>>> print(open('work32.txt').read())   # compact mmCIF, C-alpha atoms and all ligand atoms
# COMPACT_ATOMS: atom_id res chain seq x y z
CA MET H 17 18.54 -31.00 16.41
CA ASN H 18 16.62 -29.44 13.61
CA GLY H 19 16.73 -32.17 11.00
CA ASP H 20 15.55 -30.83 7.65
CA ASN H 21 13.25 -28.29 9.23
CA PRO H 22 13.86 -24.68 8.39
CA PRO H 23 15.39 -22.62 11.19
CA ALA H 24 12.88 -21.67 13.88
CA THR H 25 13.08 -18.02 12.82
CA ALA H 26 12.04 -18.64 9.18
CA LYS H 27 8.73 -17.06 8.30
CA PRO H 28 6.39 -18.32 5.60
CA ASP H 29 5.58 -16.37 2.48
CA LEU H 30 2.01 -15.46 1.51
CA GLN H 31 0.43 -18.58 0.00
CA GLY H 32 -3.20 -17.67 -0.56
CA ARG H 33 -6.37 -16.33 1.00
CA ALA H 34 -5.56 -17.69 4.49
CA GLU H 35 -2.34 -15.66 4.82
CA ILE H 36 -4.00 -12.59 3.30
CA GLU H 37 -6.71 -12.82 5.98
CA GLN H 38 -4.08 -13.15 8.67
CA LEU H 39 -2.21 -10.11 7.35
CA VAL H 40 -5.29 -7.93 6.94
CA ASN H 41 -6.62 -8.81 10.42
CA ALA H 42 -3.28 -8.05 12.05
CA PHE H 43 -2.85 -4.83 10.05
CA TYR H 44 -6.24 -3.34 10.92
CA GLY H 45 -5.74 -4.46 14.53
CA LYS H 46 -2.72 -2.12 14.60
CA VAL H 47 -4.44 0.61 12.61
CA ARG H 48 -7.39 0.77 15.01
CA LYS H 49 -5.05 1.25 17.97
CA ASP H 50 -2.96 3.87 16.17
CA GLU H 51 -3.16 7.44 17.42
CA MET H 52 -2.87 9.02 13.98
CA LEU H 53 -5.11 6.63 12.02
CA GLY H 54 -7.45 4.75 14.35
CA PHE H 55 -10.06 7.48 14.75
CA ILE H 56 -10.29 7.99 10.97
CA PHE H 57 -11.66 4.47 10.61
CA ASP H 58 -13.70 4.23 13.79
CA ASP H 59 -14.94 7.80 14.36
CA VAL H 60 -14.78 9.62 11.02
CA ALA H 61 -15.70 6.88 8.53
CA LYS H 62 -17.38 4.69 11.18
CA VAL H 63 -16.21 1.62 9.32
CA ASP H 64 -18.36 -1.48 9.49
CA TRP H 65 -15.53 -3.95 10.11
CA GLU H 66 -17.65 -6.98 9.34
CA SER H 67 -17.90 -5.86 5.75
CA HIS H 68 -14.62 -3.91 5.47
CA LEU H 69 -12.34 -6.80 6.43
CA PRO H 70 -13.71 -9.30 3.85
CA LYS H 71 -13.55 -6.53 1.26
CA MET H 72 -9.88 -6.01 2.06
CA TYR H 73 -9.21 -9.77 1.90
CA SER H 74 -10.63 -9.74 -1.61
CA PHE H 75 -8.72 -6.59 -2.53
CA TRP H 76 -5.33 -8.02 -1.59
CA GLU H 77 -6.17 -11.48 -2.88
CA THR H 78 -6.93 -9.85 -6.22
CA VAL H 79 -3.74 -7.75 -6.21
CA ILE H 80 -1.41 -10.62 -5.24
CA PHE H 81 -3.14 -13.72 -6.59
CA GLY H 82 -5.31 -12.28 -9.38
CA ALA H 83 -8.42 -13.61 -7.64
CA GLY H 84 -10.70 -11.03 -9.28
CA THR H 85 -12.96 -11.04 -6.21
CA PHE H 86 -12.68 -7.34 -5.33
CA ARG H 87 -15.46 -4.96 -6.25
CA GLY H 88 -15.03 -1.40 -5.13
CA ASN H 89 -13.80 2.08 -5.79
CA PRO H 90 -10.78 2.82 -3.62
CA MET H 91 -10.24 6.29 -5.07
CA ALA H 92 -13.76 7.43 -4.20
CA ALA H 93 -13.62 5.80 -0.74
CA HIS H 94 -10.54 7.88 0.14
CA ALA H 95 -11.50 11.08 -1.68
CA LYS H 96 -14.64 11.17 0.45
CA LEU H 97 -12.46 11.45 3.57
CA VAL H 98 -10.45 14.48 2.43
CA PRO H 99 -12.99 17.13 3.52
CA GLN H 100 -13.57 15.27 6.79
CA THR H 101 -10.07 14.68 8.16
CA GLU H 102 -6.32 14.91 7.47
CA MET H 103 -5.40 12.61 4.58
CA GLY H 104 -1.90 14.00 3.97
CA LEU H 105 1.57 12.57 3.57
CA PRO H 106 2.07 11.88 7.32
CA GLN H 107 -1.10 9.76 7.38
CA PHE H 108 -0.11 7.78 4.28
CA GLN H 109 3.43 7.33 5.60
CA ARG H 110 2.07 6.04 8.89
CA TRP H 111 -0.29 3.69 7.06
CA LEU H 112 2.66 2.32 5.07
CA THR H 113 4.87 1.94 8.14
CA LEU H 114 2.18 -0.12 9.86
CA PHE H 115 1.57 -2.17 6.74
CA ARG H 116 5.27 -2.96 6.24
CA GLU H 117 5.71 -3.77 9.94
CA THR H 118 2.78 -6.17 9.84
CA VAL H 119 4.07 -7.94 6.72
CA ASP H 120 7.57 -8.21 8.18
CA THR H 121 6.32 -9.60 11.49
CA LEU H 122 4.42 -12.41 9.81
CA PHE H 123 5.89 -13.15 6.39
CA GLU H 124 9.05 -13.30 4.36
CA GLY H 125 9.69 -13.97 0.71
CA GLU H 126 8.95 -12.78 -2.80
CA ARG H 127 5.24 -12.20 -2.31
CA ALA H 128 5.83 -10.50 1.02
CA ALA H 129 8.22 -8.11 -0.74
CA HIS H 130 5.78 -7.67 -3.62
CA ILE H 131 2.80 -6.80 -1.43
CA LYS H 132 4.85 -4.09 0.30
CA ASN H 133 5.82 -2.61 -3.07
CA CYS H 134 2.21 -2.70 -4.26
CA ALA H 135 1.06 -0.99 -1.07
CA GLU H 136 3.69 1.72 -1.51
CA ASP H 137 2.71 2.34 -5.13
CA MET H 138 -0.98 2.51 -4.30
CA ALA H 139 -0.44 4.76 -1.28
CA ASN H 140 1.42 7.23 -3.49
CA VAL H 141 -1.23 7.11 -6.20
CA ILE H 142 -4.16 7.47 -3.79
CA TYR H 143 -2.47 10.24 -1.78
CA SER H 144 -1.56 12.29 -4.84
CA ARG H 145 -4.90 11.86 -6.66
CA ILE H 146 -7.17 12.65 -3.74
CA ASN H 147 -5.11 15.70 -2.77
CA GLY H 148 -4.49 16.91 -6.33
CA VAL H 149 -0.72 16.99 -5.83
CA PRO H 150 2.10 15.36 -7.80
CA ASP H 151 2.96 11.76 -6.98
CA PRO H 152 5.80 12.04 -4.41
CA ARG H 153 7.69 9.22 -6.13
CA PHE H 154 8.24 11.46 -9.14
CA ASP H 155 8.86 14.75 -7.37
CA PRO H 156 12.30 15.78 -8.68
CA ALA H 157 13.19 16.83 -5.13
CA ASN H 158 12.85 13.22 -3.97
CA LEU H 159 14.91 11.62 -6.71
CA THR H 160 18.41 10.37 -6.08
CA PRO H 161 21.10 11.82 -8.40
CA GLU H 162 21.24 8.41 -10.09
CA GLN H 163 17.48 8.41 -10.74
CA ARG H 164 17.53 11.99 -11.97
CA GLU H 165 20.31 11.14 -14.43
CA ARG H 166 18.55 7.96 -15.59
CA TYR H 167 15.18 9.67 -16.08
CA SER H 168 16.73 12.50 -18.05
CA ARG H 169 18.28 9.87 -20.33
CA TYR H 170 14.84 8.30 -20.84
CA ARG H 171 13.44 11.71 -21.76
CA GLU H 172 16.20 12.29 -24.31
CA GLN H 173 15.60 8.88 -25.84
CA ALA H 174 11.85 9.48 -25.97
CA ALA H 175 12.41 12.85 -27.63
CA GLU H 176 14.74 11.27 -30.20
CA ALA H 177 12.24 8.49 -30.87
CA ALA H 178 9.54 11.10 -31.45
CA GLN H 179 11.59 12.84 -34.19
CA PRO H 180 10.53 11.80 -37.67
CA SER H 181 13.50 9.96 -39.16
CA ALA H 182 15.27 11.90 -41.89
C1 LIG H 201 -4.03 7.52 5.26
C2 LIG H 201 -4.16 6.28 4.79
C3 LIG H 201 -5.49 5.58 4.67
C4 LIG H 201 -6.64 5.76 5.39
C5 LIG H 201 -6.88 6.68 6.58
C6 LIG H 201 -7.64 4.88 4.82
C7 LIG H 201 -8.94 4.76 5.26
C8 LIG H 201 -9.94 4.06 4.62
C9 LIG H 201 -11.34 4.10 4.97
C10 LIG H 201 -11.92 4.89 6.12
C11 LIG H 201 -11.99 3.32 4.08
C12 LIG H 201 -13.51 3.14 3.96
C13 LIG H 201 -13.97 1.95 4.68
C14 LIG H 201 -15.48 1.88 4.66
O1 LIG H 201 -16.13 2.91 4.65
O2 LIG H 201 -15.96 0.77 4.67
C15 LIG H 201 -11.01 2.75 3.20
C16 LIG H 201 -11.29 1.86 2.17
C17 LIG H 201 -10.33 1.23 1.42
N1 LIG H 201 -8.97 1.41 1.51
FE1 LIG H 201 -8.03 2.77 2.65
N2 LIG H 201 -7.08 4.17 3.79
C18 LIG H 201 -5.77 4.56 3.66
C19 LIG H 201 -4.85 4.08 2.76
C20 LIG H 201 -5.08 3.05 1.90
C21 LIG H 201 -4.10 2.48 0.99
C22 LIG H 201 -2.65 2.97 0.87
C23 LIG H 201 -4.71 1.47 0.32
C24 LIG H 201 -4.15 0.55 -0.74
C25 LIG H 201 -2.93 0.08 -0.70
C26 LIG H 201 -6.08 1.40 0.78
C27 LIG H 201 -7.03 0.52 0.33
C28 LIG H 201 -8.38 0.60 0.58
C29 LIG H 201 -9.40 -0.15 -0.14
C30 LIG H 201 -9.16 -1.16 -1.24
C31 LIG H 201 -10.63 0.24 0.41
C32 LIG H 201 -12.02 -0.26 -0.02
C33 LIG H 201 -12.57 0.73 -1.03
C34 LIG H 201 -13.96 0.42 -1.46
O3 LIG H 201 -14.83 0.29 -0.61
O4 LIG H 201 -14.16 0.30 -2.64
N3 LIG H 201 -6.26 2.36 1.74
N4 LIG H 201 -9.76 3.23 3.55
>>> encode(input="work32.txt", output="structure tokens")
Amino acid sequence: MNGDNPPATAKPDLQGRAEIEQLVNAFYGKVRKDEMLGFIFDDVAKVDWESHLPKMYSFWETVIFGAGTFRGNPMAAHAKLVPQTEMGLPQFQRWLTLFRETVDTLFEGERAAHIKNCAEDMANVIYSRINGVPDPRFDPANLTPEQRERYSRYREQAAEAAQPSA
């Protein structure tokens, strides 16, 4: 007898700061216990969690809800770690796996999907910039045949558009 209630398995979507806090707390709980990533936060960077967590609430609240409350420099924060520890593809992939898992455990919906996409985009940008390597999303080796074909069409169109018309 469920009446009009959603099925017991339905998860909420992100609604605002409260859900962002829940997500960030759960995510860093996992990260700190993770063999590949935990020590980077607690031993290498010696993160002050009392200030890092509220900063991350503001970061994600700004990304998803346009709150404008984040002040920081993510690129510099991560670049600083490169000479101190491994900040390669395996670390970023692990970070993303934990992030996606946390979102999927707690939330479902458009914003939940969007925050995972944002995280993926930013992970690729941060990873490639701090290591001075191409963004893996655009490495021709990682493109599907369909993407390769589509992108080459874009390039042709862009080249045509750049021609002065006769
Ligand atoms: C290998 C993956 C990653 C590791 C090991 C890592 C680690 C760290 C560490 C140690 C800090 C500094 C905390 C402090 O000193 O207070 C930090 C800051 C931060 N991280 Fe990450 N991070 C990773 C990936 C990401 C990704 C993919 C994002 C975005 C989607 C992200 C967003 C941020 C932001 C917004 C800050 C705050 C920057 C600031 O203080 O201005 N991180 N991260």
>>> axis_aligned_box(input="work32.txt", around="ligand LIG 201 (chain H)", padding_each_side="3 Å", output="lines of an AutoDock Vina configuration file")
center_x = -9.4
center_y = 3.2
center_z = 2.0
size_x = 19.5
size_y = 14.7
size_z = 15.2
>>> residues_around(input="work32.txt", residues="segment 55-70 of chain H", least_positions_apart="3", cutoff="9 Å", atoms="all atoms listed in the file", output="count of residues only")
17
>>> residues_around(input="work32.txt", residues="segment 139-141 of chain H", least_positions_apart="3", cutoff="10 Å", atoms="all atoms listed in the file", output="PyMOL selection string")
chain H and resi 91+105+108-109+111-112+133-136+144-146+149-154
>>> closest_residue(input="work32.txt", among="H:Met138, H:Ala128, H:Leu39, H:Leu30", to="ligand LIG 201 (chain H)", atoms="all atoms listed in the file")
H:Met138
>>> atom_distance(input="work32.txt", atom1="atom C22 of ligand LIG 201 (chain H)", atom2="atom CA of Gly148 of chain H")
15.8 Å
>>> closest_residue(input="work32.txt", among="H:Gln107, H:Thr85, H:Thr25, H:Thr78", to="ligand LIG 201 (chain H)", atoms="all atoms listed in the file")
H:Gln107
>>> atom_distance(input="work32.txt", atom1="atom CA of Lys46 of chain H", atom2="atom CA of Leu114 of chain H")
7.1 Å
>>> closest_residue(input="work32.txt", among="H:Gly54, H:Trp76, H:Pro90, H:Val119", to="Arg33 of chain H", atoms="all atoms listed in the file")
H:Trp76
>>> atom_distance(input="work32.txt", atom1="atom CA of Arg127 of chain H", atom2="atom C20 of ligand LIG 201 (chain H)")
18.9 Å
>>> residues_around(input="work32.txt", residues="Gln31 of chain H", least_positions_apart="3", cutoff="9 Å", atoms="only C-alpha atoms", output="VMD selection string")
chain H and resid 28 34 to 36 81 127
>>> closest_residue(input="work32.txt", among="H:Ala177, H:Ala95, H:Ile131, H:Leu53", to="ligand LIG 201 (chain H)", atoms="all atoms listed in the file")
H:Leu53
>>> closest_residue(input="work32.txt", among="H:Gly82, H:Thr121, H:Asn89, H:Val98", to="Gln38 of chain H", atoms="all atoms listed in the file")
H:Thr121
>>> build_atoms(input="work32.txt", residues="segment 126-152 of chain H", atoms="N, CA, C and O atoms", output="PDB file, keeping the file's coordinate frame")
ATOM      1  N   GLU H 126       9.209 -13.598  -1.611  1.00  0.00           N
ATOM      2  CA  GLU H 126       8.950 -12.780  -2.800  1.00  0.00           C
ATOM      3  C   GLU H 126       7.603 -12.073  -2.757  1.00  0.00           C
ATOM      4  O   GLU H 126       7.482 -10.908  -3.099  1.00  0.00           O
ATOM      5  N   ARG H 127       6.570 -12.823  -2.332  1.00  0.00           N
ATOM      6  CA  ARG H 127       5.240 -12.200  -2.310  1.00  0.00           C
ATOM      7  C   ARG H 127       5.138 -11.182  -1.184  1.00  0.00           C
ATOM      8  O   ARG H 127       4.462 -10.159  -1.337  1.00  0.00           O
ATOM      9  N   ALA H 128       5.823 -11.465  -0.091  1.00  0.00           N
ATOM     10  CA  ALA H 128       5.830 -10.500   1.020  1.00  0.00           C
ATOM     11  C   ALA H 128       6.474  -9.192   0.546  1.00  0.00           C
ATOM     12  O   ALA H 128       5.987  -8.096   0.845  1.00  0.00           O
ATOM     13  N   ALA H 129       7.568  -9.318  -0.215  1.00  0.00           N
ATOM     14  CA  ALA H 129       8.220  -8.110  -0.740  1.00  0.00           C
ATOM     15  C   ALA H 129       7.304  -7.425  -1.738  1.00  0.00           C
ATOM     16  O   ALA H 129       7.173  -6.189  -1.744  1.00  0.00           O
ATOM     17  N   HIS H 130       6.643  -8.236  -2.571  1.00  0.00           N
ATOM     18  CA  HIS H 130       5.780  -7.670  -3.620  1.00  0.00           C
ATOM     19  C   HIS H 130       4.589  -6.917  -3.022  1.00  0.00           C
ATOM     20  O   HIS H 130       4.238  -5.837  -3.492  1.00  0.00           O
ATOM     21  N   ILE H 131       3.982  -7.460  -1.984  1.00  0.00           N
ATOM     22  CA  ILE H 131       2.800  -6.800  -1.430  1.00  0.00           C
ATOM     23  C   ILE H 131       3.194  -5.446  -0.806  1.00  0.00           C
ATOM     24  O   ILE H 131       2.437  -4.473  -0.880  1.00  0.00           O
ATOM     25  N   LYS H 132       4.395  -5.371  -0.266  1.00  0.00           N
ATOM     26  CA  LYS H 132       4.850  -4.090   0.300  1.00  0.00           C
ATOM     27  C   LYS H 132       5.076  -3.070  -0.826  1.00  0.00           C
ATOM     28  O   LYS H 132       4.732  -1.897  -0.675  1.00  0.00           O
ATOM     29  N   ASN H 133       5.634  -3.523  -1.937  1.00  0.00           N
ATOM     30  CA  ASN H 133       5.820  -2.610  -3.070  1.00  0.00           C
ATOM     31  C   ASN H 133       4.485  -2.146  -3.626  1.00  0.00           C
ATOM     32  O   ASN H 133       4.321  -0.962  -3.963  1.00  0.00           O
ATOM     33  N   CYS H 134       3.534  -3.073  -3.747  1.00  0.00           N
ATOM     34  CA  CYS H 134       2.210  -2.700  -4.260  1.00  0.00           C
ATOM     35  C   CYS H 134       1.569  -1.670  -3.335  1.00  0.00           C
ATOM     36  O   CYS H 134       0.989  -0.680  -3.794  1.00  0.00           O
ATOM     37  N   ALA H 135       1.674  -1.913  -2.036  1.00  0.00           N
ATOM     38  CA  ALA H 135       1.060  -0.990  -1.070  1.00  0.00           C
ATOM     39  C   ALA H 135       1.690   0.400  -1.204  1.00  0.00           C
ATOM     40  O   ALA H 135       0.993   1.420  -1.182  1.00  0.00           O
ATOM     41  N   GLU H 136       3.000   0.430  -1.380  1.00  0.00           N
ATOM     42  CA  GLU H 136       3.690   1.720  -1.510  1.00  0.00           C
ATOM     43  C   GLU H 136       3.230   2.453  -2.767  1.00  0.00           C
ATOM     44  O   GLU H 136       2.925   3.648  -2.738  1.00  0.00           O
ATOM     45  N   ASP H 137       3.165   1.720  -3.878  1.00  0.00           N
ATOM     46  CA  ASP H 137       2.710   2.340  -5.130  1.00  0.00           C
ATOM     47  C   ASP H 137       1.294   2.891  -4.976  1.00  0.00           C
ATOM     48  O   ASP H 137       0.999   4.022  -5.356  1.00  0.00           O
ATOM     49  N   MET H 138       0.417   2.073  -4.405  1.00  0.00           N
ATOM     50  CA  MET H 138      -0.980   2.510  -4.300  1.00  0.00           C
ATOM     51  C   MET H 138      -1.135   3.661  -3.320  1.00  0.00           C
ATOM     52  O   MET H 138      -1.934   4.565  -3.545  1.00  0.00           O
ATOM     53  N   ALA H 139      -0.354   3.639  -2.240  1.00  0.00           N
ATOM     54  CA  ALA H 139      -0.440   4.760  -1.280  1.00  0.00           C
ATOM     55  C   ALA H 139      -0.052   6.060  -1.976  1.00  0.00           C
ATOM     56  O   ALA H 139      -0.707   7.093  -1.795  1.00  0.00           O
ATOM     57  N   ASN H 140       0.991   6.008  -2.792  1.00  0.00           N
ATOM     58  CA  ASN H 140       1.420   7.230  -3.490  1.00  0.00           C
ATOM     59  C   ASN H 140       0.379   7.693  -4.496  1.00  0.00           C
ATOM     60  O   ASN H 140       0.122   8.900  -4.626  1.00  0.00           O
ATOM     61  N   VAL H 141      -0.213   6.744  -5.200  1.00  0.00           N
ATOM     62  CA  VAL H 141      -1.230   7.110  -6.200  1.00  0.00           C
ATOM     63  C   VAL H 141      -2.470   7.687  -5.512  1.00  0.00           C
ATOM     64  O   VAL H 141      -2.975   8.746  -5.883  1.00  0.00           O
ATOM     65  N   ILE H 142      -2.942   6.997  -4.464  1.00  0.00           N
ATOM     66  CA  ILE H 142      -4.160   7.470  -3.790  1.00  0.00           C
ATOM     67  C   ILE H 142      -3.899   8.839  -3.158  1.00  0.00           C
ATOM     68  O   ILE H 142      -4.676   9.784  -3.344  1.00  0.00           O
ATOM     69  N   TYR H 143      -2.792   8.966  -2.438  1.00  0.00           N
ATOM     70  CA  TYR H 143      -2.470  10.240  -1.780  1.00  0.00           C
ATOM     71  C   TYR H 143      -2.432  11.397  -2.785  1.00  0.00           C
ATOM     72  O   TYR H 143      -3.020  12.450  -2.564  1.00  0.00           O
ATOM     73  N   SER H 144      -1.738  11.177  -3.906  1.00  0.00           N
ATOM     74  CA  SER H 144      -1.560  12.290  -4.840  1.00  0.00           C
ATOM     75  C   SER H 144      -2.874  12.618  -5.562  1.00  0.00           C
ATOM     76  O   SER H 144      -3.218  13.791  -5.726  1.00  0.00           O
ATOM     77  N   ARG H 145      -3.633  11.589  -5.938  1.00  0.00           N
ATOM     78  CA  ARG H 145      -4.900  11.860  -6.660  1.00  0.00           C
ATOM     79  C   ARG H 145      -5.914  12.566  -5.773  1.00  0.00           C
ATOM     80  O   ARG H 145      -6.556  13.512  -6.197  1.00  0.00           O
ATOM     81  N   ILE H 146      -6.093  12.065  -4.560  1.00  0.00           N
ATOM     82  CA  ILE H 146      -7.170  12.650  -3.740  1.00  0.00           C
ATOM     83  C   ILE H 146      -6.814  14.053  -3.264  1.00  0.00           C
ATOM     84  O   ILE H 146      -7.697  14.833  -2.965  1.00  0.00           O
ATOM     85  N   ASN H 147      -5.503  14.356  -3.214  1.00  0.00           N
ATOM     86  CA  ASN H 147      -5.110  15.700  -2.770  1.00  0.00           C
ATOM     87  C   ASN H 147      -4.774  16.616  -3.942  1.00  0.00           C
ATOM     88  O   ASN H 147      -4.455  17.785  -3.726  1.00  0.00           O
ATOM     89  N   GLY H 148      -4.801  16.093  -5.153  1.00  0.00           N
ATOM     90  CA  GLY H 148      -4.490  16.910  -6.330  1.00  0.00           C
ATOM     91  C   GLY H 148      -3.066  17.421  -6.319  1.00  0.00           C
ATOM     92  O   GLY H 148      -2.809  18.569  -6.684  1.00  0.00           O
ATOM     93  N   VAL H 149      -2.135  16.598  -5.850  1.00  0.00           N
ATOM     94  CA  VAL H 149      -0.720  16.990  -5.830  1.00  0.00           C
ATOM     95  C   VAL H 149       0.083  15.964  -6.626  1.00  0.00           C
ATOM     96  O   VAL H 149      -0.400  14.858  -6.854  1.00  0.00           O
ATOM     97  N   PRO H 150       1.312  16.333  -7.030  1.00  0.00           N
ATOM     98  CA  PRO H 150       2.100  15.360  -7.800  1.00  0.00           C
ATOM     99  C   PRO H 150       2.423  14.119  -6.958  1.00  0.00           C
ATOM    100  O   PRO H 150       2.528  14.211  -5.733  1.00  0.00           O
ATOM    101  N   ASP H 151       2.564  13.011  -7.636  1.00  0.00           N
ATOM    102  CA  ASP H 151       2.960  11.760  -6.980  1.00  0.00           C
ATOM    103  C   ASP H 151       4.358  11.953  -6.375  1.00  0.00           C
ATOM    104  O   ASP H 151       5.303  12.280  -7.103  1.00  0.00           O
ATOM    105  N   PRO H 152       4.497  11.776  -5.047  1.00  0.00           N
ATOM    106  CA  PRO H 152       5.800  12.040  -4.410  1.00  0.00           C
ATOM    107  C   PRO H 152       6.933  11.209  -4.980  1.00  0.00           C
ATOM    108  O   PRO H 152       8.088  11.616  -4.919  1.00  0.00           O
TER     109      PRO H 152
END
